[in-house]
file my_file12.tsv (TSV, C-alpha atoms)
chain	number	residue	atom	x	y	z
A	7	GLY	CA	-13.60	-50.42	7.23
A	8	CYS	CA	-10.90	-50.52	4.62
A	9	TYR	CA	-7.25	-51.33	5.12
A	10	ILE	CA	-4.57	-51.53	2.44
A	11	ASP	CA	-1.21	-53.08	3.12
A	12	ILE	CA	1.29	-51.19	0.97
A	13	SER	CA	4.38	-52.28	2.85
A	14	GLU	CA	7.33	-53.12	0.64
A	15	GLY	CA	6.88	-56.53	-0.87
A	16	GLY	CA	3.55	-56.96	0.94
A	17	ASP	CA	0.26	-58.02	-0.58
A	18	HIS	CA	-2.38	-55.39	-1.29
A	19	VAL	CA	-5.34	-56.35	0.88
A	20	CYS	CA	-8.60	-54.45	1.02
A	21	ASP	CA	-11.14	-55.49	3.64
A	22	SER	CA	-13.83	-53.40	1.96
A	23	GLY	CA	-13.33	-55.34	-1.24
A	24	ARG	CA	-13.76	-58.60	0.66
A	25	GLU	CA	-16.85	-57.27	2.41
A	26	SER	CA	-18.39	-56.16	-0.88
A	27	ASP	CA	-17.84	-59.66	-2.32
A	28	GLN	CA	-19.52	-61.15	0.75
A	29	VAL	CA	-22.67	-59.01	0.57
A	30	LEU	CA	-23.20	-60.10	-3.03
A	31	LYS	CA	-23.42	-63.77	-2.02
A	32	THR	CA	-26.80	-65.42	-1.55
A	33	GLY	CA	-27.72	-68.24	0.77
A	34	PHE	CA	-30.56	-70.19	2.43
A	35	LEU	CA	-31.83	-67.11	4.30
A	36	LYS	CA	-30.64	-64.53	1.77
A	37	TRP	CA	-32.29	-64.69	-1.61
A	38	LYS	CA	-31.10	-61.40	-3.14
A	39	PRO	CA	-27.60	-59.89	-3.35
A	40	ASP	CA	-27.21	-56.64	-1.43
A	41	TYR	CA	-26.09	-54.45	-4.33
A	42	ASP	CA	-26.48	-51.22	-2.36
A	43	SER	CA	-24.06	-52.33	0.34
A	44	ALA	CA	-21.71	-53.81	-2.25
A	45	ALA	CA	-21.58	-50.50	-4.14
A	46	SER	CA	-20.80	-48.67	-0.92
A	47	GLU	CA	-17.97	-51.06	-0.01
A	48	TYR	CA	-16.47	-50.99	-3.53
A	49	GLY	CA	-16.61	-47.18	-3.35
A	50	LYS	CA	-14.68	-47.20	-0.07
A	51	ALA	CA	-12.15	-49.60	-1.58
A	52	ALA	CA	-11.67	-47.32	-4.59
A	53	VAL	CA	-10.98	-44.33	-2.35
A	54	ALA	CA	-8.49	-46.30	-0.27
A	55	PHE	CA	-6.65	-47.59	-3.33
A	56	LYS	CA	-6.58	-44.09	-4.81
A	57	ASN	CA	-5.13	-42.60	-1.62
A	58	ALA	CA	-2.47	-45.31	-1.69
A	59	LYS	CA	-1.79	-44.44	-5.38
A	60	GLN	CA	-2.77	-47.96	-6.42
A	61	PHE	CA	-4.66	-46.62	-9.43
A	62	GLU	CA	-5.15	-49.91	-11.30
A	63	GLN	CA	-6.90	-51.44	-8.27
A	64	ALA	CA	-8.84	-48.22	-7.72
A	65	LYS	CA	-10.08	-48.33	-11.32
A	66	ASP	CA	-11.16	-51.97	-10.92
A	67	ALA	CA	-13.02	-51.12	-7.71
A	68	CYS	CA	-14.82	-48.24	-9.47
A	69	LEU	CA	-15.91	-50.54	-12.29
A	70	LYS	CA	-17.23	-53.11	-9.79
A	71	GLU	CA	-19.04	-50.30	-8.00
A	72	ALA	CA	-20.59	-49.33	-11.36
A	73	VAL	CA	-21.88	-52.87	-11.90
A	74	ALA	CA	-23.42	-52.89	-8.42
A	75	HIS	CA	-25.16	-49.56	-9.10
A	76	GLU	CA	-26.40	-50.86	-12.46
A	77	ASN	CA	-27.92	-53.94	-10.80
A	78	ASN	CA	-29.46	-51.66	-8.20
A	79	ARG	CA	-30.94	-49.40	-10.95
A	80	ASN	CA	-29.07	-46.40	-9.54
A	81	LEU	CA	-28.19	-44.78	-12.86
A	82	TYR	CA	-26.72	-41.50	-11.61
A	83	SER	CA	-24.30	-43.28	-9.25
A	84	LEU	CA	-23.47	-45.71	-12.07
A	85	CYS	CA	-22.38	-42.74	-14.21
A	86	ARG	CA	-20.31	-41.30	-11.37
A	87	ALA	CA	-18.51	-44.62	-10.89
A	88	TYR	CA	-17.62	-44.84	-14.60
A	89	GLU	CA	-16.37	-41.25	-14.52
A	90	GLN	CA	-14.22	-42.00	-11.47
A	91	ALA	CA	-12.81	-45.09	-13.20
A	92	GLY	CA	-11.88	-42.82	-16.10
A	93	MET	CA	-10.06	-40.45	-13.74
A	94	MET	CA	-8.05	-43.37	-12.37
A	95	LEU	CA	-7.00	-44.20	-15.93
A	96	LYS	CA	-6.00	-40.56	-16.34
A	97	GLU	CA	-3.71	-40.91	-13.30
A	98	MET	CA	-2.15	-43.90	-15.07
A	99	GLN	CA	-1.61	-41.72	-18.21
A	100	LYS	CA	-3.95	-43.96	-20.20
A	101	LEU	CA	-5.71	-40.95	-21.68
A	102	PRO	CA	-7.63	-42.50	-24.64
A	103	GLU	CA	-9.06	-45.19	-22.32
A	104	ALA	CA	-9.88	-42.54	-19.71
A	105	VAL	CA	-11.72	-40.40	-22.26
A	106	HIS	CA	-13.65	-43.46	-23.48
A	107	LEU	CA	-15.01	-44.14	-19.98
A	108	ILE	CA	-15.78	-40.49	-19.24
A	109	GLU	CA	-17.55	-40.15	-22.60
A	110	LYS	CA	-19.55	-43.28	-21.80
A	111	ALA	CA	-20.51	-41.75	-18.44
A	112	SER	CA	-21.61	-38.51	-20.13
A	113	MET	CA	-23.92	-40.38	-22.52
A	114	MET	CA	-25.48	-42.12	-19.53
A	115	TYR	CA	-25.90	-38.76	-17.77
A	116	LEU	CA	-27.88	-37.59	-20.80
A	117	GLU	CA	-30.06	-40.70	-20.70
A	118	ASN	CA	-30.57	-40.12	-16.99
A	119	GLY	CA	-31.84	-36.58	-17.63
A	120	THR	CA	-28.85	-34.68	-16.21
A	121	PRO	CA	-27.50	-32.83	-19.29
A	122	ASP	CA	-25.49	-30.27	-17.29
A	123	THR	CA	-23.48	-33.03	-15.65
A	124	ALA	CA	-23.08	-34.72	-19.06
A	125	ALA	CA	-21.71	-31.50	-20.57
A	126	MET	CA	-19.23	-31.00	-17.73
A	127	ALA	CA	-17.99	-34.58	-18.14
A	128	LEU	CA	-17.55	-34.12	-21.91
A	129	GLU	CA	-15.64	-30.88	-21.42
A	130	ARG	CA	-13.41	-32.56	-18.83
A	131	ALA	CA	-12.68	-35.36	-21.32
A	132	GLY	CA	-11.82	-32.78	-24.00
A	133	LYS	CA	-9.31	-31.08	-21.72
A	134	LEU	CA	-7.68	-34.43	-20.92
A	135	ILE	CA	-7.13	-35.40	-24.54
A	136	GLU	CA	-6.50	-31.96	-26.11
A	137	ASN	CA	-2.70	-32.22	-26.27
A	138	VAL	CA	-2.69	-35.90	-27.26
A	139	ASP	CA	-5.54	-36.08	-29.78
A	140	PRO	CA	-6.77	-32.60	-30.79
A	141	GLU	CA	-9.20	-34.08	-33.32
A	142	LYS	CA	-10.97	-36.03	-30.57
A	143	ALA	CA	-10.95	-32.94	-28.35
A	144	VAL	CA	-12.69	-30.93	-31.10
A	145	GLN	CA	-15.38	-33.60	-31.31
A	146	LEU	CA	-15.88	-33.57	-27.54
A	147	TYR	CA	-16.05	-29.76	-27.35
A	148	GLN	CA	-18.58	-29.70	-30.20
A	149	GLN	CA	-20.66	-32.36	-28.44
A	150	THR	CA	-20.55	-30.29	-25.25
A	151	ALA	CA	-21.64	-27.17	-27.16
A	152	ASN	CA	-24.57	-29.10	-28.64
A	153	VAL	CA	-25.69	-30.24	-25.18
A	154	PHE	CA	-25.55	-26.67	-23.85
A	155	GLU	CA	-27.32	-25.33	-26.95
A	156	ASN	CA	-30.13	-27.86	-26.57
A	157	GLU	CA	-30.54	-26.64	-22.99
A	158	GLU	CA	-30.62	-23.02	-24.29
A	159	ARG	CA	-27.44	-22.19	-22.40
A	160	LEU	CA	-25.95	-20.29	-25.30
A	161	ARG	CA	-23.13	-18.55	-23.44
A	162	GLN	CA	-21.70	-21.89	-22.35
A	163	ALA	CA	-22.29	-23.32	-25.84
A	164	VAL	CA	-20.39	-20.54	-27.62
A	165	GLU	CA	-17.48	-20.82	-25.16
A	166	LEU	CA	-17.05	-24.48	-26.10
A	167	LEU	CA	-17.40	-23.71	-29.81
A	168	GLY	CA	-14.56	-21.21	-29.36
A	169	LYS	CA	-12.33	-23.94	-27.95
A	170	ALA	CA	-13.16	-26.19	-30.90
A	171	SER	CA	-12.48	-23.37	-33.39
A	172	ARG	CA	-9.05	-22.63	-31.91
A	173	LEU	CA	-8.02	-26.28	-32.12
A	174	LEU	CA	-9.22	-26.46	-35.74
A	175	VAL	CA	-7.13	-23.38	-36.58
A	176	ARG	CA	-4.13	-24.81	-34.77
A	177	GLY	CA	-4.50	-27.97	-36.84
A	178	ARG	CA	-4.88	-25.85	-40.03
A	179	ARG	CA	-8.30	-27.35	-40.72
A	180	PHE	CA	-9.47	-24.00	-42.05
A	181	ASP	CA	-12.71	-25.00	-43.80
A	182	GLU	CA	-14.03	-26.59	-40.61
A	183	ALA	CA	-12.70	-23.68	-38.54
A	184	ALA	CA	-14.57	-21.18	-40.73
A	185	LEU	CA	-17.86	-23.04	-40.20
A	186	SER	CA	-17.25	-23.24	-36.46
A	187	ILE	CA	-16.42	-19.52	-36.24
A	188	GLN	CA	-19.54	-18.69	-38.28
A	189	LYS	CA	-21.63	-20.57	-35.72
A	190	GLU	CA	-19.90	-18.62	-32.93
A	191	LYS	CA	-20.77	-15.37	-34.70
A	192	ASN	CA	-24.43	-16.37	-35.04
A	193	ILE	CA	-24.72	-17.21	-31.34
A	194	TYR	CA	-22.98	-14.01	-30.22
A	195	LYS	CA	-25.43	-12.10	-32.41
A	196	GLU	CA	-28.37	-14.01	-30.92
A	197	ILE	CA	-27.32	-13.19	-27.35
A	198	GLU	CA	-26.59	-9.59	-28.46
A	199	ASN	CA	-22.91	-9.68	-27.55
A	200	TYR	CA	-22.04	-7.44	-30.49
A	201	PRO	CA	-18.43	-6.40	-29.56
A	202	THR	CA	-17.39	-10.07	-29.42
A	203	CYS	CA	-19.21	-10.59	-32.72
A	204	TYR	CA	-16.87	-8.04	-34.36
A	205	LYS	CA	-13.83	-9.84	-32.91
A	206	VAL	CA	-15.07	-13.16	-34.27
A	207	CYS	CA	-15.25	-11.59	-37.73
A	208	PHE	CA	-11.57	-10.69	-37.49
A	209	GLN	CA	-10.86	-14.30	-36.56
A	210	ARG	CA	-12.59	-15.33	-39.78
A	211	VAL	CA	-10.37	-12.88	-41.68
A	212	GLY	CA	-7.37	-14.84	-40.42
A	213	VAL	CA	-8.95	-18.13	-41.52
A	214	TRP	CA	-10.40	-17.11	-44.89
A	215	GLY	CA	-8.27	-14.10	-45.74
A	216	PRO	CA	-9.77	-10.64	-46.22
A	217	HIS	CA	-13.04	-10.94	-48.11
A	218	PRO	CA	-16.30	-9.00	-48.01
A	219	CYS	CA	-18.15	-12.13	-46.82
A	220	VAL	CA	-16.57	-11.78	-43.38
A	221	CYS	CA	-18.14	-8.38	-42.82
A	222	PRO	CA	-20.42	-8.02	-39.79
A	223	GLY	CA	-22.12	-4.89	-41.17
A	224	SER	CA	-25.60	-6.15	-40.34
A	225	ILE	CA	-24.70	-6.18	-36.64
A	226	PRO	CA	-25.76	-3.08	-34.69
A	227	GLY	CA	-22.97	-0.63	-33.95
A	228	PHE	CA	-20.40	-2.03	-36.36
A	229	ASN	CA	-20.47	0.62	-39.09
A	230	GLY	CA	-18.41	3.59	-37.97
A	231	SER	CA	-16.62	1.60	-35.24
A	232	GLU	CA	-12.86	1.15	-34.86
A	233	ASP	CA	-13.30	-2.47	-35.93
A	234	CYS	CA	-15.07	-1.37	-39.12
A	235	ALA	CA	-12.32	1.12	-40.03
A	236	ALA	CA	-9.63	-1.54	-39.51
A	237	LEU	CA	-11.47	-4.11	-41.60
A	238	GLU	CA	-12.00	-1.59	-44.42
A	239	GLN	CA	-8.26	-0.80	-44.33
A	240	LEU	CA	-7.43	-4.50	-44.43
A	241	LEU	CA	-9.77	-5.20	-47.36
A	242	GLU	CA	-8.41	-2.20	-49.25
A	243	GLY	CA	-4.80	-3.32	-48.71
A	244	TYR	CA	-5.65	-6.83	-49.84
A	245	ASP	CA	-7.45	-5.56	-52.96
A	246	GLN	CA	-4.56	-3.21	-53.84
A	247	GLN	CA	-2.00	-5.97	-53.13
A	248	ASP	CA	-0.39	-3.68	-50.56
A	249	GLN	CA	1.39	-6.03	-48.17
A	250	ASP	CA	2.58	-3.16	-45.96
A	251	GLN	CA	-0.95	-1.94	-45.37
A	252	VAL	CA	-2.19	-5.46	-44.57
A	253	ALA	CA	0.76	-6.01	-42.20
A	254	GLU	CA	0.03	-2.70	-40.45
A	255	VAL	CA	-3.52	-3.82	-39.65
A	256	CYS	CA	-2.41	-7.33	-38.63
A	257	ASN	CA	0.12	-5.79	-36.22
A	258	SER	CA	-2.50	-3.52	-34.66
A	259	PRO	CA	-3.90	-4.22	-31.17
A	260	LEU	CA	-7.13	-5.53	-32.72
A	261	PHE	CA	-5.21	-8.53	-34.05
A	262	LYS	CA	-2.43	-8.73	-31.47
A	263	TYR	CA	-4.82	-9.12	-28.54
A	264	MET	CA	-6.82	-11.92	-30.11
A	265	ASP	CA	-6.25	-15.50	-29.00
A	266	ASN	CA	-2.72	-16.55	-29.86
A	267	ASP	CA	-3.76	-18.97	-32.64
A	268	TYR	CA	-5.60	-16.20	-34.50
A	269	ALA	CA	-2.93	-13.56	-33.88
A	270	LYS	CA	-0.30	-15.85	-35.44
A	271	LEU	CA	-2.57	-16.54	-38.38
A	272	GLY	CA	-3.14	-12.82	-38.96
A	273	LEU	CA	0.61	-12.21	-39.13
A	274	SER	CA	0.89	-14.85	-41.85
A	275	LEU	CA	-1.62	-13.16	-44.19
A	276	VAL	CA	-0.07	-12.56	-47.61
A	277	VAL	CA	-1.76	-10.54	-50.34
A	278	PRO	CA	-2.28	-12.05	-53.81
A	279	GLY	CA	0.68	-11.61	-56.13
A	280	GLY	CA	3.24	-11.70	-53.33
A	281	GLY	CA	2.74	-8.11	-52.24
A	282	VAL	CA	3.38	-6.38	-55.55
A	283	LYS	CA	1.12	-3.37	-55.76
A	284	LYS	CA	-1.23	-3.04	-58.70
A	285	LYS	CA	0.10	-0.68	-61.31
A	286	ALA	CA	-1.77	2.59	-61.60
A	287	ALA	CA	-3.83	2.85	-64.76
A	288	ALA	CA	-1.97	4.69	-67.54
A	289	PRO	CA	-3.51	8.05	-68.53
A	290	PRO	CA	-5.49	7.86	-71.79
A	291	GLN	CA	-3.43	8.87	-74.82
A	292	ALA	CA	-4.73	11.43	-77.26
A	293	LYS	CA	-6.23	9.81	-80.34
A	294	PRO	CA	-5.85	11.18	-83.83
A	295	GLU	CA	-8.85	13.11	-85.02
A	296	GLY	CA	-11.48	10.94	-86.60
A	297	THR	CA	-10.36	7.82	-84.72
A	298	ALA	CA	-13.10	6.38	-82.62
A	299	ALA	CA	-12.08	5.65	-79.04
A	300	PRO	CA	-12.55	1.99	-78.03
A	301	ALA	CA	-15.54	1.31	-75.83
A	302	ALA	CA	-14.55	1.45	-72.14
A	303	GLU	CA	-15.03	-1.77	-70.29
A	304	ASP	CA	-17.26	-1.60	-67.27
A	305	GLU	CA	-15.11	-2.03	-64.18
A	306	GLU	CA	-16.76	-2.61	-60.86
A	307	ASP	CA	-14.99	-1.91	-57.59
A	308	GLU	CA	-15.50	-5.00	-55.44
A	309	TYR	CA	-15.94	-2.85	-52.34
A	310	ALA	CA	-17.70	0.17	-53.94
A	311	GLY	CA	-20.46	1.29	-51.62
A	312	GLY	CA	-18.67	0.13	-48.50
A	313	LEU	CA	-18.24	-3.22	-46.84
A	314	CYS	CA	-21.87	-4.11	-46.80
call {"tool": "encode", "arguments": {"input": "my_file12.tsv", "output": "structure tokens"}}
result
Amino acid sequence: GCYIDISEGGDHVCDSGRESDQVLKTGFLKWKPDYDSAASEYGKAAVAFKNAKQFEQAKDACLKEAVAHENNRNLYSLCRAYEQAGMMLKEMQKLPEAVHLIEKASMMYLENGTPDTAAMALERAGKLIENVDPEKAVQLYQQTANVFENEERLRQAVELLGKASRLLVRGRRFDEAALSIQKEKNIYKEIENYPTCYKVCFQRVGVWGPHPCVCPGSIPGFNGSEDCAALEQLLEGYDQQDQDQVAEVCNSPLFKYMDNDYAKLGLSLVVPGGGVKKKAAAPPQAKPEGTAAPAAEDEEDEYAGGLC
């Protein structure tokens, strides 16, 4: 059994810890340490320390449990022990160290042939570090998405890519965000989630600004949809340098009900030239008889023929 003395000024004593040290000793009649029993006793000690909110001792017990599992060739339990040690560091607000241990556990899960568990550990680490180190969180979410994609679990993969994209936008890393969003779009198209595909295209509008390259016209059902009409209006306003028209679209429900990071970005869209509308072409003036009119320059409408 395990007993911890947490009385004021008292020593912290754990009988399970002592027992685990004992079972690792060898002697005249005992040639091999009992790693299985040691791991069990260290595990009990870790739980007891955790319940007593002695997180430093709990973390140490978890790491000793991990060593015992490693010597016993119990790889899955070794990973679990490292992950639990990471969670004790989290309780101590040592988040970078916690993420390091959890990430280490996830790599071992992969080596042990349990990718789902590895992905869940990576996602958990991303959530822990998101507010402290968004760049690291992006890396962890992208790693998680890769694990899910390799397992052909595309819905889970695209969900994690979405988290990475939002953090990239929040950090104004727009080139990387655009690539991440493009990958989201491709996966949504592959799993035939077309309505979300349209929404992702609007997210790219916020990142890249209105441009024909964001058009999802090749996706079934887009042409003639409400999304298509709004995107055409946005592209037209941008081309005509009509800030009011662009603002009207960006204040529409299509933009407002997107994730907050994208909605904010949409509201910040500014047309080229600071919102001064292009001047209408002056009507041709009559030329004196016998004067040859200058050759008209070929002008191509960037969006002639529609978005796609």
call {"tool": "atom_distance", "arguments": {"input": "my_file12.tsv", "atom1": "CA of Pro226 (chain A)", "atom2": "CA of Tyr204 (chain A)"}}
result
10.2 Å
call {"tool": "residues_near_point", "arguments": {"input": "my_file12.tsv", "point": "(-4.3, -42.5, -6.0)", "cutoff": "12 Å", "atoms": "all atoms listed in the file", "output": "PyMOL selection string"}}
result
chain A and resi 51-65+90-91+93-98
call {"tool": "atom_distance", "arguments": {"input": "my_file12.tsv", "atom1": "CA of Asn199 (chain A)", "atom2": "CA of Cys234 (chain A)"}}
result
16.3 Å
call {"tool": "atom_distance", "arguments": {"input": "my_file12.tsv", "atom1": "CA of Thr150 (chain A)", "atom2": "CA of Ala124 (chain A)"}}
result
8.0 Å
call {"tool": "closest_residue", "arguments": {"input": "my_file12.tsv", "among": "A:Ala67, A:Ala269, A:Ala184, A:Ala45", "to": "Asn257 (chain A)", "atoms": "all atoms listed in the file"}}
result
A:Ala269
call {"tool": "residues_around", "arguments": {"input": "my_file12.tsv", "residues": "Met126 (chain A)", "least_positions_apart": "5", "cutoff": "10 Å", "atoms": "all atoms listed in the file", "output": "list in words"}}
result
Ser112, Pro121, Ala131, Gly132, Thr150, Val153 and Phe154 of chain A
call {"tool": "closest_residue", "arguments": {"input": "my_file12.tsv", "among": "A:Leu237, A:Val164, A:Ala170, A:Val175", "to": "Glu196 (chain A)", "atoms": "all atoms listed in the file"}}
result
A:Val164
call {"tool": "closest_residue", "arguments": {"input": "my_file12.tsv", "among": "A:Asp40, A:Glu103, A:Glu254, A:Asp233", "to": "Val206 (chain A)", "atoms": "only C-alpha atoms"}}
result
A:Asp233
call {"tool": "residues_around", "arguments": {"input": "my_file12.tsv", "residues": "Asn266 (chain A)", "least_positions_apart": "5", "cutoff": "10 Å", "atoms": "all atoms listed in the file", "output": "list in words"}}
result
Arg172, Arg176, Phe261, Leu271 and Gly272 of chain A
call {"tool": "residues_around", "arguments": {"input": "my_file12.tsv", "residues": "His75 (chain A)", "least_positions_apart": "5", "cutoff": "7 Å", "atoms": "all atoms listed in the file", "output": "PyMOL selection string"}}
result
chain A and resi 41+45+80-81+83-84
call {"tool": "write_last_selection", "arguments": {"input": "my_file12.tsv", "atoms": "C-alpha atoms", "output": "short mmCIF file (atom, residue, chain, number, x, y, z; two decimals), in the coordinates of the input"}}
result
data_model
loop_
_atom_site.label_atom_id
_atom_site.label_comp_id
_atom_site.auth_asym_id
_atom_site.auth_seq_id
_atom_site.Cartn_x
_atom_site.Cartn_y
_atom_site.Cartn_z
CA TYR A 41 -26.09 -54.45 -4.33
CA ALA A 45 -21.58 -50.50 -4.14
CA ASN A 80 -29.07 -46.40 -9.54
CA LEU A 81 -28.19 -44.78 -12.86
CA SER A 83 -24.30 -43.28 -9.25
CA LEU A 84 -23.47 -45.71 -12.07
#
